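**Q** Take this structure, written in structure tokens, and hold onto it; I'll ask about it next.
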Amino acid sequence: QVQLVESGGGSVQAGGSLKLSCAASGRTSGSYAMGWFRQAPGKERELVAAISWSGGKTDYADSVKGRFTISRESDKNTVYLQMSSLKPEDTAVYYCAATQVATDLTRRRSYTRRTDYGYWGQGTQVTVSS
């Protein structure tokens, strides 16, 4: 089992920045692709950004391209989401997710569907005021 713990959420004014962190612990000897999702009240959970285990492949929701950056530490166990130029519509609970990958091909892939992921953190609230 892998446990994921998010941190770095908070309240910020529009145009500001926040950096979220996700630390993985437990059975981290395996290889995991990672993602950030968010869920606003009354809405479905949606992809924000995803990164391959290798770190070489990333994907972003159109709504955050050019404003958010996903990255991971070289030890592969910590993933970040740098958020800039925040907008009120970015307000949501942000979740970190992980999926185990086992082959050279899948280690180079990023995964964009919520159903691709089997491990989830508890979420961290991000609130952007206008």
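Just remember, in the structure tokens the first chain shown is A, the second B, etc., residues are 1-based per chain, and ligands are 1-based in the order shown.
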List the neighbours of Gly9 in chain A out to 10 Å using only C-alpha atoms; skip same-chain residues closer than 5 positions along the sequence, and give me the result as a list in words.

**A** Leu18, Lys19, Leu20, Ser21, Ala92, Val93, Tyr94, Gly123, Thr124, Gln125, Val126 and Thr127 of chain A

**Q** Take the residues from that selection and put them in a file with N, CA and C atoms, as a CSV table (one decimal), in the first residue's frame.

**A**
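Dumped to result-v6.csv:
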```
chain,number,residue,atom,x,y,z
A,18,LEU,N,0.6,29.4,-5.3
A,18,LEU,CA,0.7,28.4,-4.2
A,18,LEU,C,1.4,27.2,-4.8
A,19,LYS,N,2.1,26.5,-3.9
A,19,LYS,CA,2.8,25.3,-4.3
A,19,LYS,C,2.3,24.1,-3.5
A,20,LEU,N,1.7,23.1,-4.1
A,20,LEU,CA,1.3,22.0,-3.4
A,20,LEU,C,2.3,20.9,-3.4
A,21,SER,N,2.4,20.1,-2.4
A,21,SER,CA,3.3,19.0,-2.3
A,21,SER,C,2.5,17.7,-2.0
A,92,ALA,N,-10.9,24.8,-5.1
A,92,ALA,CA,-11.3,23.4,-5.1
A,92,ALA,C,-10.5,22.6,-4.0
A,93,VAL,N,-10.9,21.4,-3.8
A,93,VAL,CA,-10.0,20.5,-3.0
A,93,VAL,C,-9.1,19.8,-4.0
A,94,TYR,N,-7.9,19.8,-3.8
A,94,TYR,CA,-6.9,19.3,-4.7
A,94,TYR,C,-6.4,17.9,-4.1
A,123,GLY,N,-6.6,15.1,0.3
A,123,GLY,CA,-7.0,16.3,-0.3
A,123,GLY,C,-6.5,17.5,0.5
A,124,THR,N,-6.3,18.6,-0.2
A,124,THR,CA,-6.0,19.9,0.5
A,124,THR,C,-6.8,21.0,-0.2
A,125,GLN,N,-7.3,21.9,0.6
A,125,GLN,CA,-8.2,22.9,0.1
A,125,GLN,C,-7.4,24.1,-0.5
A,126,VAL,N,-7.8,24.6,-1.6
A,126,VAL,CA,-7.2,25.8,-2.2
A,126,VAL,C,-8.4,26.7,-2.5
A,127,THR,N,-8.3,27.9,-1.9
A,127,THR,CA,-9.4,28.9,-2.1
A,127,THR,C,-8.7,30.2,-2.7
```

**Q** Can you pull out every residue within 9 Å of Val64 in chain A, counting only C-alpha atoms, but drop anything in the same chain fewer than 3 positions away, and send it as a ChimeraX atom specification?

**A** /A:48-49,60-61,67-69,83,90

**Q** Those residues you just picked out, can you put them in a file as a tab-separated table (two decimals), in the first residue's frame with all heavy atoms?

**A**
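Written output follows (again-v8.tsv):
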```tsv
chain	number	residue	atom	x	y	z
A	48	VAL	N	-6.03	17.80	-13.14
A	48	VAL	CA	-5.31	19.07	-13.24
A	48	VAL	C	-4.02	18.86	-14.00
A	48	VAL	O	-3.74	19.55	-14.98
A	48	VAL	CB	-5.02	19.65	-11.84
A	48	VAL	CG1	-4.21	20.93	-11.96
A	48	VAL	CG2	-6.32	19.89	-11.08
A	49	ALA	N	-3.23	17.88	-13.55
A	49	ALA	CA	-1.95	17.61	-14.19
A	49	ALA	C	-1.51	16.19	-13.85
A	49	ALA	O	-1.89	15.65	-12.82
A	49	ALA	CB	-0.89	18.61	-13.73
A	60	TYR	N	-1.58	18.35	-18.91
A	60	TYR	CA	-2.30	19.37	-18.16
A	60	TYR	C	-3.71	19.55	-18.70
A	60	TYR	O	-3.95	19.41	-19.90
A	60	TYR	CB	-1.58	20.71	-18.26
A	60	TYR	CG	-0.21	20.73	-17.63
A	60	TYR	CD1	0.93	20.45	-18.36
A	60	TYR	CD2	-0.05	21.05	-16.28
A	60	TYR	CE1	2.19	20.45	-17.79
A	60	TYR	CE2	1.20	21.06	-15.69
A	60	TYR	CZ	2.31	20.76	-16.45
A	60	TYR	OH	3.55	20.77	-15.87
A	61	ALA	N	-4.62	19.89	-17.80
A	61	ALA	CA	-5.92	20.34	-18.25
A	61	ALA	C	-5.76	21.65	-19.01
A	61	ALA	O	-4.89	22.47	-18.67
A	61	ALA	CB	-6.85	20.53	-17.05
A	67	ARG	N	-0.10	28.03	-16.57
A	67	ARG	CA	-0.17	28.60	-15.22
A	67	ARG	C	0.31	27.62	-14.15
A	67	ARG	O	0.86	28.04	-13.13
A	67	ARG	CB	-1.62	29.00	-14.91
A	67	ARG	CG	-2.20	30.03	-15.85
A	67	ARG	CD	-3.55	30.54	-15.35
A	67	ARG	NE	-4.56	29.48	-15.27
A	67	ARG	CZ	-5.20	29.15	-14.15
A	67	ARG	NH1	-4.95	29.78	-13.02
A	67	ARG	NH2	-6.13	28.19	-14.15
A	68	PHE	N	0.11	26.33	-14.37
A	68	PHE	CA	0.48	25.31	-13.38
A	68	PHE	C	1.63	24.48	-13.94
A	68	PHE	O	1.71	24.23	-15.15
A	68	PHE	CB	-0.69	24.39	-13.08
A	68	PHE	CG	-1.83	25.02	-12.33
A	68	PHE	CD1	-1.92	26.39	-12.13
A	68	PHE	CD2	-2.84	24.22	-11.81
A	68	PHE	CE1	-2.97	26.96	-11.43
A	68	PHE	CE2	-3.91	24.76	-11.11
A	68	PHE	CZ	-3.97	26.14	-10.93
A	69	THR	N	2.47	23.99	-13.03
A	69	THR	CA	3.56	23.11	-13.42
A	69	THR	C	3.64	21.94	-12.44
A	69	THR	O	3.71	22.16	-11.22
A	69	THR	CB	4.90	23.85	-13.42
A	69	THR	OG1	4.84	24.96	-14.33
A	69	THR	CG2	6.02	22.91	-13.87
A	83	MET	N	1.39	26.42	-8.70
A	83	MET	CA	0.22	27.09	-9.28
A	83	MET	C	0.46	28.59	-9.26
A	83	MET	O	0.72	29.17	-8.19
A	83	MET	CB	-1.03	26.74	-8.47
A	83	MET	CG	-1.28	25.25	-8.36
A	83	MET	SD	-2.84	24.85	-7.53
A	83	MET	CE	-2.49	25.46	-5.89
A	90	ASP	N	-10.23	28.33	-9.80
A	90	ASP	CA	-9.30	27.28	-9.36
A	90	ASP	C	-9.62	26.79	-7.95
A	90	ASP	O	-9.02	25.83	-7.47
A	90	ASP	CB	-7.85	27.79	-9.38
A	90	ASP	CG	-7.37	28.11	-10.79
A	90	ASP	OD1	-7.66	27.32	-11.71
A	90	ASP	OD2	-6.69	29.14	-10.94
```

**Q** Using DSSP on the backbone coordinates, identify the residues of chain A assigned to strand (DSSP E or B); present them as a ChimeraX atom specification.

**A** /A:2-7,10-13,18-26,31-39,46-51,58-60,68-72,78-83,92-101,119-120,124-129

**Q** Go ahead and dump the residues you just picked, C-alpha atoms, as a PDB file, in the first residue's frame.

**A**
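Saved the output as result.pdb:
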```
ATOM      1  CA  VAL A   2       1.063   3.550  -0.696  1.00  0.00           C
ATOM      2  CA  GLN A   3      -0.045   6.474   1.412  1.00  0.00           C
ATOM      3  CA  LEU A   4      -0.212   9.960  -0.090  1.00  0.00           C
ATOM      4  CA  VAL A   5      -0.230  13.136   1.961  1.00  0.00           C
ATOM      5  CA  GLU A   6      -0.848  16.526   0.388  1.00  0.00           C
ATOM      6  CA  SER A   7       0.225  19.852   1.835  1.00  0.00           C
ATOM      7  CA  GLY A  10      -4.531  27.623   1.612  1.00  0.00           C
ATOM      8  CA  SER A  11      -6.215  30.880   0.720  1.00  0.00           C
ATOM      9  CA  VAL A  12      -4.806  33.346  -1.775  1.00  0.00           C
ATOM     10  CA  GLN A  13      -6.014  36.301  -3.789  1.00  0.00           C
ATOM     11  CA  LEU A  18       0.677  28.405  -4.244  1.00  0.00           C
ATOM     12  CA  LYS A  19       2.817  25.273  -4.331  1.00  0.00           C
ATOM     13  CA  LEU A  20       1.256  21.958  -3.390  1.00  0.00           C
ATOM     14  CA  SER A  21       3.321  18.977  -2.299  1.00  0.00           C
ATOM     15  CA  CYS A  22       2.448  15.300  -2.228  1.00  0.00           C
ATOM     16  CA  ALA A  23       4.604  12.919  -0.231  1.00  0.00           C
ATOM     17  CA  ALA A  24       4.329   9.191  -0.821  1.00  0.00           C
ATOM     18  CA  SER A  25       5.147   6.696   1.896  1.00  0.00           C
ATOM     19  CA  GLY A  26       4.690   3.002   2.531  1.00  0.00           C
ATOM     20  CA  SER A  31       7.245   2.695  -9.651  1.00  0.00           C
ATOM     21  CA  TYR A  32       4.299   5.105  -9.644  1.00  0.00           C
ATOM     22  CA  ALA A  33       2.970   7.609 -12.115  1.00  0.00           C
ATOM     23  CA  MET A  34       1.355  10.520 -10.298  1.00  0.00           C
ATOM     24  CA  GLY A  35      -1.379  13.052 -10.859  1.00  0.00           C
ATOM     25  CA  TRP A  36      -3.165  16.007  -9.336  1.00  0.00           C
ATOM     26  CA  PHE A  37      -6.932  16.221  -9.506  1.00  0.00           C
ATOM     27  CA  ARG A  38      -9.362  18.751  -8.086  1.00  0.00           C
ATOM     28  CA  GLN A  39     -12.981  18.794  -7.098  1.00  0.00           C
ATOM     29  CA  GLU A  46     -11.172  16.463 -12.721  1.00  0.00           C
ATOM     30  CA  LEU A  47      -7.582  16.099 -13.837  1.00  0.00           C
ATOM     31  CA  VAL A  48      -5.314  19.071 -13.236  1.00  0.00           C
ATOM     32  CA  ALA A  49      -1.948  17.608 -14.191  1.00  0.00           C
ATOM     33  CA  ALA A  50      -0.199  14.270 -14.518  1.00  0.00           C
ATOM     34  CA  ILE A  51       3.427  13.164 -14.637  1.00  0.00           C
ATOM     35  CA  THR A  58       3.456  15.578 -18.364  1.00  0.00           C
ATOM     36  CA  ASP A  59      -0.146  16.433 -19.190  1.00  0.00           C
ATOM     37  CA  TYR A  60      -2.296  19.367 -18.156  1.00  0.00           C
ATOM     38  CA  PHE A  68       0.483  25.312 -13.385  1.00  0.00           C
ATOM     39  CA  THR A  69       3.559  23.107 -13.417  1.00  0.00           C
ATOM     40  CA  ILE A  70       3.802  19.536 -12.153  1.00  0.00           C
ATOM     41  CA  SER A  71       7.182  18.121 -11.153  1.00  0.00           C
ATOM     42  CA  ARG A  72       8.661  15.366  -9.027  1.00  0.00           C
ATOM     43  CA  THR A  78       7.458  13.632  -3.797  1.00  0.00           C
ATOM     44  CA  VAL A  79       5.387  15.411  -6.412  1.00  0.00           C
ATOM     45  CA  TYR A  80       4.711  19.127  -6.626  1.00  0.00           C
ATOM     46  CA  LEU A  81       2.133  21.332  -8.259  1.00  0.00           C
ATOM     47  CA  GLN A  82       3.272  24.911  -8.701  1.00  0.00           C
ATOM     48  CA  MET A  83       0.222  27.092  -9.279  1.00  0.00           C
ATOM     49  CA  ALA A  92     -11.341  23.351  -5.093  1.00  0.00           C
ATOM     50  CA  VAL A  93     -10.043  20.504  -3.005  1.00  0.00           C
ATOM     51  CA  TYR A  94      -6.873  19.254  -4.670  1.00  0.00           C
ATOM     52  CA  TYR A  95      -6.047  15.547  -4.541  1.00  0.00           C
ATOM     53  CA  CYS A  96      -2.826  13.729  -5.229  1.00  0.00           C
ATOM     54  CA  ALA A  97      -3.103  10.322  -6.901  1.00  0.00           C
ATOM     55  CA  ALA A  98      -0.751   7.490  -7.788  1.00  0.00           C
ATOM     56  CA  THR A  99      -0.864   4.455 -10.033  1.00  0.00           C
ATOM     57  CA  GLN A 100       1.710   1.705 -10.091  1.00  0.00           C
ATOM     58  CA  VAL A 101       3.556   1.115 -13.349  1.00  0.00           C
ATOM     59  CA  TYR A 119      -4.179   5.500  -4.590  1.00  0.00           C
ATOM     60  CA  TRP A 120      -5.480   8.849  -3.387  1.00  0.00           C
ATOM     61  CA  THR A 124      -5.973  19.909   0.461  1.00  0.00           C
ATOM     62  CA  GLN A 125      -8.216  22.945   0.098  1.00  0.00           C
ATOM     63  CA  VAL A 126      -7.235  25.770  -2.243  1.00  0.00           C
ATOM     64  CA  THR A 127      -9.351  28.908  -2.088  1.00  0.00           C
ATOM     65  CA  VAL A 128      -8.807  31.812  -4.480  1.00  0.00           C
ATOM     66  CA  SER A 129     -10.623  35.047  -3.757  1.00  0.00           C
TER      67      SER A 129
END
```

**Q** Using only C-alpha atoms, can you tell me which of A:Gly121, A:Ser74, A:Arg27, A:Arg114 comes closest to Glu44 in chain A?

**A** A:Arg114

**Q** Taking into account only C-alpha atoms, which residue in the set A:Gly15, A:Lys43, A:Arg109, A:Ser84 is nearest to Lys65 in chain A?

**A** A:Ser84

**Q** Looking at only C-alpha atoms, which of A:Pro41, A:Thr106, A:Ser85, A:Gly8 is the one that sits closest to Gly66 in chain A?

**A** A:Ser85
